[in-house]
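Structure below is upload24.pdb: PDB, C-alpha atoms.
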ATOM      1  CA  LEU A1405      22.937  -3.012 -11.835  1.00  0.00           C
ATOM      2  CA  ALA A1406      22.630  -2.045  -8.175  1.00  0.00           C
ATOM      3  CA  LEU A1407      25.652  -4.138  -7.199  1.00  0.00           C
ATOM      4  CA  ALA A1408      27.771  -2.600  -9.964  1.00  0.00           C
ATOM      5  CA  VAL A1409      26.922   1.037  -9.247  1.00  0.00           C
ATOM      6  CA  PRO A1410      29.492   2.735  -6.983  1.00  0.00           C
ATOM      7  CA  LEU A1411      27.905   4.207  -3.890  1.00  0.00           C
ATOM      8  CA  GLU A1412      29.912   7.387  -4.438  1.00  0.00           C
ATOM      9  CA  ASP A1413      28.315   8.010  -7.863  1.00  0.00           C
ATOM     10  CA  ALA A1414      25.788  10.657  -6.776  1.00  0.00           C
ATOM     11  CA  TRP A1415      24.607  11.454 -10.324  1.00  0.00           C
ATOM     12  CA  LEU A1416      23.582   7.901 -11.138  1.00  0.00           C
ATOM     13  CA  ARG A1417      21.943   7.516  -7.732  1.00  0.00           C
ATOM     14  CA  ASN A1418      19.924  10.674  -8.393  1.00  0.00           C
ATOM     15  CA  VAL A1419      18.840   9.314 -11.777  1.00  0.00           C
ATOM     16  CA  LEU A1420      17.720   6.039 -10.212  1.00  0.00           C
ATOM     17  CA  GLY A1421      15.930   7.990  -7.487  1.00  0.00           C
ATOM     18  CA  PHE A1422      14.084  10.017 -10.123  1.00  0.00           C
ATOM     19  CA  LEU A1423      13.062   6.864 -12.000  1.00  0.00           C
ATOM     20  CA  TYR A1424      11.932   5.348  -8.702  1.00  0.00           C
ATOM     21  CA  ASP A1425       9.691   8.343  -7.929  1.00  0.00           C
ATOM     22  CA  LEU A1426       8.414   8.347 -11.503  1.00  0.00           C
ATOM     23  CA  SER A1427       7.450   4.670 -11.361  1.00  0.00           C
ATOM     24  CA  ILE A1428       5.569   5.208  -8.087  1.00  0.00           C
ATOM     25  CA  ARG A1429       3.690   8.198  -9.503  1.00  0.00           C
ATOM     26  CA  ILE A1430       2.773   6.360 -12.712  1.00  0.00           C
ATOM     27  CA  GLY A1431       1.579   3.378 -10.693  1.00  0.00           C
ATOM     28  CA  ARG A1432      -0.700   5.614  -8.629  1.00  0.00           C
ATOM     29  CA  TYR A1433      -1.935   7.543 -11.647  1.00  0.00           C
ATOM     30  CA  ALA A1434      -4.796   5.234 -12.602  1.00  0.00           C
ATOM     31  CA  LEU A1435      -5.084   3.301  -9.343  1.00  0.00           C
ATOM     32  CA  LEU A1436      -7.415   5.790  -7.658  1.00  0.00           C
ATOM     33  CA  PRO A1437     -10.020   5.826 -10.499  1.00  0.00           C
ATOM     34  CA  LEU A1438      -9.915   2.025 -10.657  1.00  0.00           C
ATOM     35  CA  MET A1439     -10.532   1.759  -6.917  1.00  0.00           C
ATOM     36  CA  LEU A1440     -13.225   4.427  -7.019  1.00  0.00           C
ATOM     37  CA  PHE A1441     -15.244   2.583  -9.665  1.00  0.00           C
ATOM     38  CA  ALA A1442     -14.351  -1.078  -9.049  1.00  0.00           C
ATOM     39  CA  VAL A1443     -14.802  -1.188  -5.268  1.00  0.00           C
ATOM     40  CA  PRO A1444     -18.444   0.039  -5.305  1.00  0.00           C
ATOM     41  CA  VAL A1445     -19.342  -2.588  -7.906  1.00  0.00           C
ATOM     42  CA  ALA A1446     -17.638  -5.333  -5.893  1.00  0.00           C
ATOM     43  CA  VAL A1447     -19.307  -4.194  -2.651  1.00  0.00           C
ATOM     44  CA  PHE A1448     -22.684  -4.042  -4.388  1.00  0.00           C
ATOM     45  CA  GLN A1449     -22.347  -7.550  -5.829  1.00  0.00           C
ATOM     46  CA  GLN A1450     -21.207  -9.030  -2.521  1.00  0.00           C
ATOM     47  CA  ASN A1451     -23.950  -7.208  -0.648  1.00  0.00           C
ATOM     48  CA  GLU A1452     -26.517  -8.592  -3.056  1.00  0.00           C
ATOM     49  CA  ASP A1453     -25.185 -12.099  -2.369  1.00  0.00           C
ATOM     50  CA  LYS A1454     -25.287 -11.466   1.404  1.00  0.00           C
ATOM     51  CA  GLU A1455     -21.545 -12.026   1.585  1.00  0.00           C
ATOM     52  CA  PHE A1456     -20.155  -8.523   2.184  1.00  0.00           C
ATOM     53  CA  TRP A1457     -20.401  -8.405   5.976  1.00  0.00           C
ATOM     54  CA  LYS A1458     -19.215 -12.007   6.306  1.00  0.00           C
ATOM     55  CA  ASN A1459     -16.149 -11.306   4.180  1.00  0.00           C
ATOM     56  CA  LEU A1460     -15.525  -8.070   6.064  1.00  0.00           C
ATOM     57  CA  GLY A1461     -15.588  -9.916   9.397  1.00  0.00           C
ATOM     58  CA  ARG A1462     -13.296 -12.645   8.087  1.00  0.00           C
ATOM     59  CA  SER A1463     -10.870 -10.028   6.751  1.00  0.00           C
ATOM     60  CA  ALA A1464     -10.849  -8.226  10.105  1.00  0.00           C
ATOM     61  CA  LEU A1465     -10.162 -11.477  11.974  1.00  0.00           C
ATOM     62  CA  LEU A1466      -7.420 -12.407   9.513  1.00  0.00           C
ATOM     63  CA  LEU A1467      -5.855  -8.963   9.878  1.00  0.00           C
ATOM     64  CA  LEU A1468      -5.950  -9.205  13.679  1.00  0.00           C
ATOM     65  CA  ALA A1469      -4.477 -12.712  13.641  1.00  0.00           C
ATOM     66  CA  SER A1470      -1.726 -11.571  11.265  1.00  0.00           C
ATOM     67  CA  VAL A1471      -0.827  -8.660  13.542  1.00  0.00           C
ATOM     68  CA  VAL A1472      -0.615 -10.963  16.574  1.00  0.00           C
ATOM     69  CA  ALA A1473       1.377 -13.656  14.741  1.00  0.00           C
ATOM     70  CA  LEU A1474       3.859 -11.249  13.161  1.00  0.00           C
ATOM     71  CA  SER A1475       4.288  -9.397  16.451  1.00  0.00           C
ATOM     72  CA  LEU A1476       5.117 -12.673  18.187  1.00  0.00           C
ATOM     73  CA  VAL A1477       7.607 -13.532  15.449  1.00  0.00           C
ATOM     74  CA  GLY A1478       9.250 -10.129  15.839  1.00  0.00           C
ATOM     75  CA  VAL A1479       9.482 -10.436  19.626  1.00  0.00           C
ATOM     76  CA  ILE A1480      10.863 -13.988  19.485  1.00  0.00           C
ATOM     77  CA  VAL A1481      13.468 -13.165  16.831  1.00  0.00           C
ATOM     78  CA  ALA A1482      14.504  -9.958  18.602  1.00  0.00           C
ATOM     79  CA  ALA A1483      14.841 -11.792  21.922  1.00  0.00           C
ATOM     80  CA  THR A1484      16.888 -14.530  20.252  1.00  0.00           C
ATOM     81  CA  VAL A1485      19.203 -12.368  18.148  1.00  0.00           C
ATOM     82  CA  GLN A1486      19.341  -9.436  20.602  1.00  0.00           C
ATOM     83  CA  PRO A1487      20.467  -6.753  18.155  1.00  0.00           C
ATOM     84  CA  ALA A1488      22.391  -3.749  19.407  1.00  0.00           C
ATOM     85  CA  ARG A1489      20.476  -0.610  20.173  1.00  0.00           C
ATOM     86  CA  ILE A1490      20.250   1.891  17.326  1.00  0.00           C
ATOM     87  CA  PRO A1491      21.096   5.439  18.418  1.00  0.00           C
ATOM     88  CA  LEU A1492      18.314   7.978  18.173  1.00  0.00           C
ATOM     89  CA  VAL A1493      18.332  10.496  15.360  1.00  0.00           C
ATOM     90  CA  THR A1494      19.226  13.926  16.683  1.00  0.00           C
ATOM     91  CA  ASP A1495      17.306  15.753  13.979  1.00  0.00           C
ATOM     92  CA  ALA A1496      13.930  15.553  15.713  1.00  0.00           C
ATOM     93  CA  PRO A1497      11.973  18.017  13.508  1.00  0.00           C
ATOM     94  CA  SER A1498      12.667  15.927  10.406  1.00  0.00           C
ATOM     95  CA  ALA A1499      11.272  12.766  11.994  1.00  0.00           C
ATOM     96  CA  ALA A1500       7.765  11.799  10.974  1.00  0.00           C
ATOM     97  CA  ARG A1501       5.171  12.415  13.653  1.00  0.00           C
ATOM     98  CA  PRO A1502       3.324   9.198  14.608  1.00  0.00           C
ATOM     99  CA  THR A1503      -0.314   9.073  13.577  1.00  0.00           C
ATOM    100  CA  GLY A1504      -2.729   8.668  16.472  1.00  0.00           C
ATOM    101  CA  LEU A1505      -6.310   7.443  16.434  1.00  0.00           C
ATOM    102  CA  LYS A1506      -7.631  11.007  16.320  1.00  0.00           C
ATOM    103  CA  ASP A1507      -5.507  11.951  13.312  1.00  0.00           C
ATOM    104  CA  LEU A1508      -6.417   8.683  11.586  1.00  0.00           C
ATOM    105  CA  LEU A1509     -10.164   9.293  11.956  1.00  0.00           C
ATOM    106  CA  LEU A1510      -9.826  12.903  10.784  1.00  0.00           C
ATOM    107  CA  SER A1511      -7.881  11.735   7.739  1.00  0.00           C
ATOM    108  CA  ILE A1512     -10.497   9.092   6.880  1.00  0.00           C
ATOM    109  CA  PHE A1513     -13.242  11.722   7.074  1.00  0.00           C
ATOM    110  CA  PRO A1514     -11.816  14.860   5.466  1.00  0.00           C
ATOM    111  CA  GLU A1515     -13.680  18.132   5.100  1.00  0.00           C
ATOM    112  CA  SER A1516     -15.271  17.070   1.804  1.00  0.00           C
ATOM    113  CA  PRO A1517     -15.474  13.953  -0.380  1.00  0.00           C
ATOM    114  CA  PHE A1518     -13.397  15.752  -3.003  1.00  0.00           C
ATOM    115  CA  ALA A1519     -10.553  16.060  -0.491  1.00  0.00           C
ATOM    116  CA  ALA A1520     -10.614  12.279  -0.141  1.00  0.00           C
ATOM    117  CA  LEU A1521     -10.145  11.946  -3.887  1.00  0.00           C
ATOM    118  CA  LEU A1522      -7.359  14.528  -4.054  1.00  0.00           C
ATOM    119  CA  SER A1523      -5.175  12.706  -1.517  1.00  0.00           C
ATOM    120  CA  GLY A1524      -2.928  10.549  -3.670  1.00  0.00           C
ATOM    121  CA  ARG A1525      -0.677   9.246  -0.899  1.00  0.00           C
ATOM    122  CA  PHE A1526      -3.394   8.126   1.510  1.00  0.00           C
ATOM    123  CA  LEU A1527      -6.006   5.963  -0.202  1.00  0.00           C
ATOM    124  CA  LEU A1528      -8.044   4.988   2.857  1.00  0.00           C
ATOM    125  CA  PRO A1529     -10.493   7.958   2.627  1.00  0.00           C
ATOM    126  CA  ALA A1530     -11.209   7.180  -1.023  1.00  0.00           C
ATOM    127  CA  LEU A1531     -11.605   3.480  -0.200  1.00  0.00           C
ATOM    128  CA  PHE A1532     -14.074   4.253   2.581  1.00  0.00           C
ATOM    129  CA  LEU A1533     -16.051   6.528   0.244  1.00  0.00           C
ATOM    130  CA  ALA A1534     -16.116   3.817  -2.425  1.00  0.00           C
ATOM    131  CA  ILE A1535     -17.451   1.283   0.104  1.00  0.00           C
ATOM    132  CA  LEU A1536     -20.221   3.690   1.124  1.00  0.00           C
ATOM    133  CA  VAL A1537     -21.188   4.188  -2.513  1.00  0.00           C
ATOM    134  CA  GLY A1538     -21.304   0.421  -3.043  1.00  0.00           C
ATOM    135  CA  LEU A1539     -23.563  -0.036  -0.019  1.00  0.00           C
ATOM    136  CA  ALA A1540     -25.807   2.788  -1.229  1.00  0.00           C
ATOM    137  CA  PHE A1541     -26.280   0.987  -4.550  1.00  0.00           C
ATOM    138  CA  SER A1542     -28.339  -1.657  -2.744  1.00  0.00           C
ATOM    139  CA  HIS A1543     -30.779   0.864  -1.273  1.00  0.00           C
ATOM    140  CA  ASP A1544     -32.948   1.277  -4.373  1.00  0.00           C
ATOM    141  CA  ARG A1545     -31.926  -1.207  -7.047  1.00  0.00           C
ATOM    142  CA  ALA A1546     -34.201   0.206  -9.742  1.00  0.00           C
ATOM    143  CA  ALA A1547     -32.891   3.748  -9.294  1.00  0.00           C
ATOM    144  CA  THR A1548     -29.246   2.799  -8.937  1.00  0.00           C
ATOM    145  CA  ARG A1549     -29.073   0.250 -11.755  1.00  0.00           C
ATOM    146  CA  PRO A1550     -27.913   2.806 -14.386  1.00  0.00           C
ATOM    147  CA  ALA A1551     -25.224   4.069 -12.014  1.00  0.00           C
ATOM    148  CA  VAL A1552     -24.055   0.524 -11.322  1.00  0.00           C
ATOM    149  CA  GLN A1553     -23.764  -0.123 -15.045  1.00  0.00           C
ATOM    150  CA  VAL A1554     -21.768   3.090 -15.523  1.00  0.00           C
ATOM    151  CA  PHE A1555     -19.450   2.244 -12.638  1.00  0.00           C
ATOM    152  CA  ASP A1556     -18.993  -1.283 -13.970  1.00  0.00           C
ATOM    153  CA  SER A1557     -18.080  -0.001 -17.450  1.00  0.00           C
ATOM    154  CA  LEU A1558     -15.649   2.568 -16.044  1.00  0.00           C
ATOM    155  CA  SER A1559     -14.045  -0.018 -13.775  1.00  0.00           C
ATOM    156  CA  ARG A1560     -13.398  -2.246 -16.800  1.00  0.00           C
ATOM    157  CA  ILE A1561     -11.896   0.703 -18.701  1.00  0.00           C
ATOM    158  CA  PHE A1562      -9.554   1.662 -15.885  1.00  0.00           C
ATOM    159  CA  TYR A1563      -8.654  -1.987 -15.379  1.00  0.00           C
ATOM    160  CA  GLN A1564      -7.385  -2.078 -18.953  1.00  0.00           C
ATOM    161  CA  ILE A1565      -5.489   1.168 -18.367  1.00  0.00           C
ATOM    162  CA  ASN A1566      -3.877  -0.248 -15.227  1.00  0.00           C
ATOM    163  CA  SER A1567      -2.970  -3.435 -17.078  1.00  0.00           C
ATOM    164  CA  ALA A1568      -1.203  -1.413 -19.769  1.00  0.00           C
ATOM    165  CA  ILE A1569       0.574   0.700 -17.144  1.00  0.00           C
ATOM    166  CA  ALA A1570       1.661  -2.430 -15.284  1.00  0.00           C
ATOM    167  CA  GLU A1571       3.270  -3.808 -18.430  1.00  0.00           C
ATOM    168  CA  PHE A1572       5.080  -0.510 -18.995  1.00  0.00           C
ATOM    169  CA  LEU A1573       6.196  -0.286 -15.373  1.00  0.00           C
ATOM    170  CA  GLY A1574       8.183  -3.494 -15.719  1.00  0.00           C
ATOM    171  CA  VAL A1575      11.050  -1.473 -17.181  1.00  0.00           C
ATOM    172  CA  LEU A1576      10.902   1.286 -14.573  1.00  0.00           C
ATOM    173  CA  LEU A1577      10.732  -1.250 -11.753  1.00  0.00           C
ATOM    174  CA  ILE A1578      14.267  -2.292 -12.670  1.00  0.00           C
ATOM    175  CA  ALA A1579      15.457   1.185 -11.737  1.00  0.00           C
ATOM    176  CA  ALA A1580      13.224   1.207  -8.654  1.00  0.00           C
ATOM    177  CA  THR A1581      14.642  -2.115  -7.452  1.00  0.00           C
ATOM    178  CA  ALA A1582      18.177  -0.956  -8.166  1.00  0.00           C
ATOM    179  CA  ARG A1583      17.604   2.175  -6.109  1.00  0.00           C
ATOM    180  CA  CYS A1584      16.291   0.152  -3.147  1.00  0.00           C
ATOM    181  CA  VAL A1585      19.256  -2.226  -3.321  1.00  0.00           C
ATOM    182  CA  ILE A1586      21.682   0.720  -3.433  1.00  0.00           C
ATOM    183  CA  GLU A1587      20.062   2.223  -0.339  1.00  0.00           C
ATOM    184  CA  PHE A1588      20.328  -1.178   1.333  1.00  0.00           C
ATOM    185  CA  ARG A1589      24.027  -1.363   0.447  1.00  0.00           C
ATOM    186  CA  ALA A1590      24.605   2.102   1.841  1.00  0.00           C
ATOM    187  CA  ALA A1591      22.866   1.177   5.088  1.00  0.00           C
ATOM    188  CA  ALA A1592      24.725  -2.132   5.351  1.00  0.00           C
ATOM    189  CA  ARG A1593      28.093  -0.340   5.141  1.00  0.00           C
ATOM    190  CA  THR A1594      27.485   1.228   8.528  1.00  0.00           C
ATOM    191  CA  ASP A1595      27.740  -1.076  11.524  1.00  0.00           C
ATOM    192  CA  VAL A1596      24.902   0.831  13.202  1.00  0.00           C
ATOM    193  CA  TYR A1597      22.136  -0.679  11.071  1.00  0.00           C
ATOM    194  CA  LEU A1598      23.746  -4.065  10.384  1.00  0.00           C
ATOM    195  CA  PRO A1599      22.209  -5.849  13.437  1.00  0.00           C
ATOM    196  CA  LEU A1600      18.801  -4.456  12.516  1.00  0.00           C
ATOM    197  CA  LEU A1601      19.150  -5.654   8.915  1.00  0.00           C
ATOM    198  CA  ILE A1602      20.162  -9.117  10.104  1.00  0.00           C
ATOM    199  CA  THR A1603      17.167  -9.246  12.448  1.00  0.00           C
ATOM    200  CA  VAL A1604      14.763  -8.165   9.722  1.00  0.00           C
ATOM    201  CA  GLY A1605      16.261 -10.720   7.318  1.00  0.00           C
ATOM    202  CA  ILE A1606      15.758 -13.526   9.849  1.00  0.00           C
ATOM    203  CA  GLU A1607      12.172 -12.412  10.452  1.00  0.00           C
ATOM    204  CA  VAL A1608      11.445 -12.420   6.723  1.00  0.00           C
ATOM    205  CA  LEU A1609      12.835 -15.940   6.381  1.00  0.00           C
ATOM    206  CA  VAL A1610      10.794 -17.155   9.355  1.00  0.00           C
ATOM    207  CA  VAL A1611       7.605 -15.644   7.909  1.00  0.00           C
ATOM    208  CA  GLU A1612       8.209 -17.046   4.425  1.00  0.00           C
ATOM    209  CA  LEU A1613       9.402 -20.501   5.447  1.00  0.00           C
ATOM    210  CA  VAL A1614       7.370 -21.136   8.606  1.00  0.00           C
ATOM    211  CA  VAL A1615       4.374 -18.826   9.045  1.00  0.00           C
ATOM    212  CA  LEU A1616       3.061 -18.623   5.484  1.00  0.00           C
ATOM    213  CA  PRO A1617       3.331 -22.384   4.738  1.00  0.00           C
ATOM    214  CA  ALA A1618       1.514 -23.080   8.007  1.00  0.00           C
ATOM    215  CA  VAL A1619      -1.348 -20.815   6.957  1.00  0.00           C
TER     216      VAL A1619
END
Is it possible to express this structure as structure tokens?
Amino acid sequence: LALAVPLEDAWLRNVLGFLYDLSIRIGRYALLPLMLFAVPVAVFQQNEDKEFWKNLGRSALLLLASVVALSLVGVIVAATVQPARIPLVTDAPSAARPTGLKDLLLSIFPESPFAALLSGRFLLPALFLAILVGLAFSHDRAATRPAVQVFDSLSRIFYQINSAIAEFLGVLLIAATARCVIEFRAAARTDVYLPLLITVGIEVLVVELVVLPAV
């Protein structure tokens, strides 16, 4: 579908863009409640088994090792391919401002817990709140047992809802994939981004064929 759509057909591209945004919104619709109720139960169970902090440390080490390995792959591929420099965008106000450590911490700890739940695009505050709730469940097991049971039941309910949404999203993901491929075709037509696309493609192949099998 994406290869057959003319790049000049603005109407069809707008329709695919709308379906793309719709699929993303539907996918996020029940994700936040599932995370809010499933993560505390998982943290509570792992904390009861004395495995939470061990798994957290292993995940942090794995994340750090992944960052180092992928950075090395990017540097090696970029030094080998030596893509041409991409000109800077002149429209500076429209560029996204980079997030610093201060902004990241302020976003993780908003003004109220309800603000963390209302942020649909940034799930880290809600995830951090869910982890705190799961750790608090272990403080007084007798008092928190009813809450754990309620959270467990709600997590199972929202898991079923997410499963149904995932089956429905299979159709919309066709439009979402087509939209991404069309944007890729439009970018590949310009010689400015072609070296970058080639570099990224080589990096993806190196990660899939070399790094991941080695892990």
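Atom CA of A:Arg1429 sits 12.3 Å away from atom CA of A:Ala1570.
Using only C-alpha atoms, the nearest neighbour of A:Ala1434 within the list A:Thr1581, A:Ser1567, A:Gln1553, A:Gln1486 is A:Ser1567.
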> Which residue out of A:Val1477, A:Trp1415, A:Val1445, A:Ala1519 has the minimum interatomic distance to A:Leu1609 when only C-alpha atoms are used?
Replying inline: A:Val1477
>> Take the PyMOL selection byres ((chain A and resi 1481) around 9), run it mentally on this structure, and tell me the resulting residues as a list of chain:residue names.
In response: A:Leu1476, A:Val1477, A:Gly1478, A:Val1479, A:Ile1480, A:Ala1482, A:Ala1483, A:Thr1484, A:Val1485, A:Gln1486, A:Thr1603, A:Val1604, A:Ile1606, A:Glu1607, A:Val1610
>> One number please: atom CA of A:Leu1600 to atom CA of A:Ala1580, in Å, one decimal.
In response: 22.6 Å
>> To test your reading of the syntax: which residues would the PyMOL selection byres ((chain A and resi 1535) around 12) return for the file shown? Reply as number ranges by chain.
In response: A: 1439-1451, 1456-1457, 1460, 1528-1534, 1536-1542
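The space between atom CA of A:Pro1437 and atom CA of A:Ile1569 spans 13.5 Å.
Comparing the minimum interatomic distances between A:Arg1560 and each of A:Leu1467, A:Leu1577, A:Val1615, A:Leu1438, counting all atoms listed in the file, we find that A:Leu1438 sits nearest.
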Taking every listed atom of stretch 1506-1519 of chain A and adding 4 Å to each side, what centre and edge lengths in Å (one decimal) does the axis-aligned box have, as JSON?
{"center_x": -10.5, "center_y": 13.4, "center_z": 6.7, "size_x": 18.0, "size_y": 17.4, "size_z": 27.3}
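Each of A:Asp1425, A:Phe1562, A:Ser1516, A:Pro1617 was compared to A:Cys1584 using all atoms listed in the file, and A:Asp1425 turns out to be the nearest.
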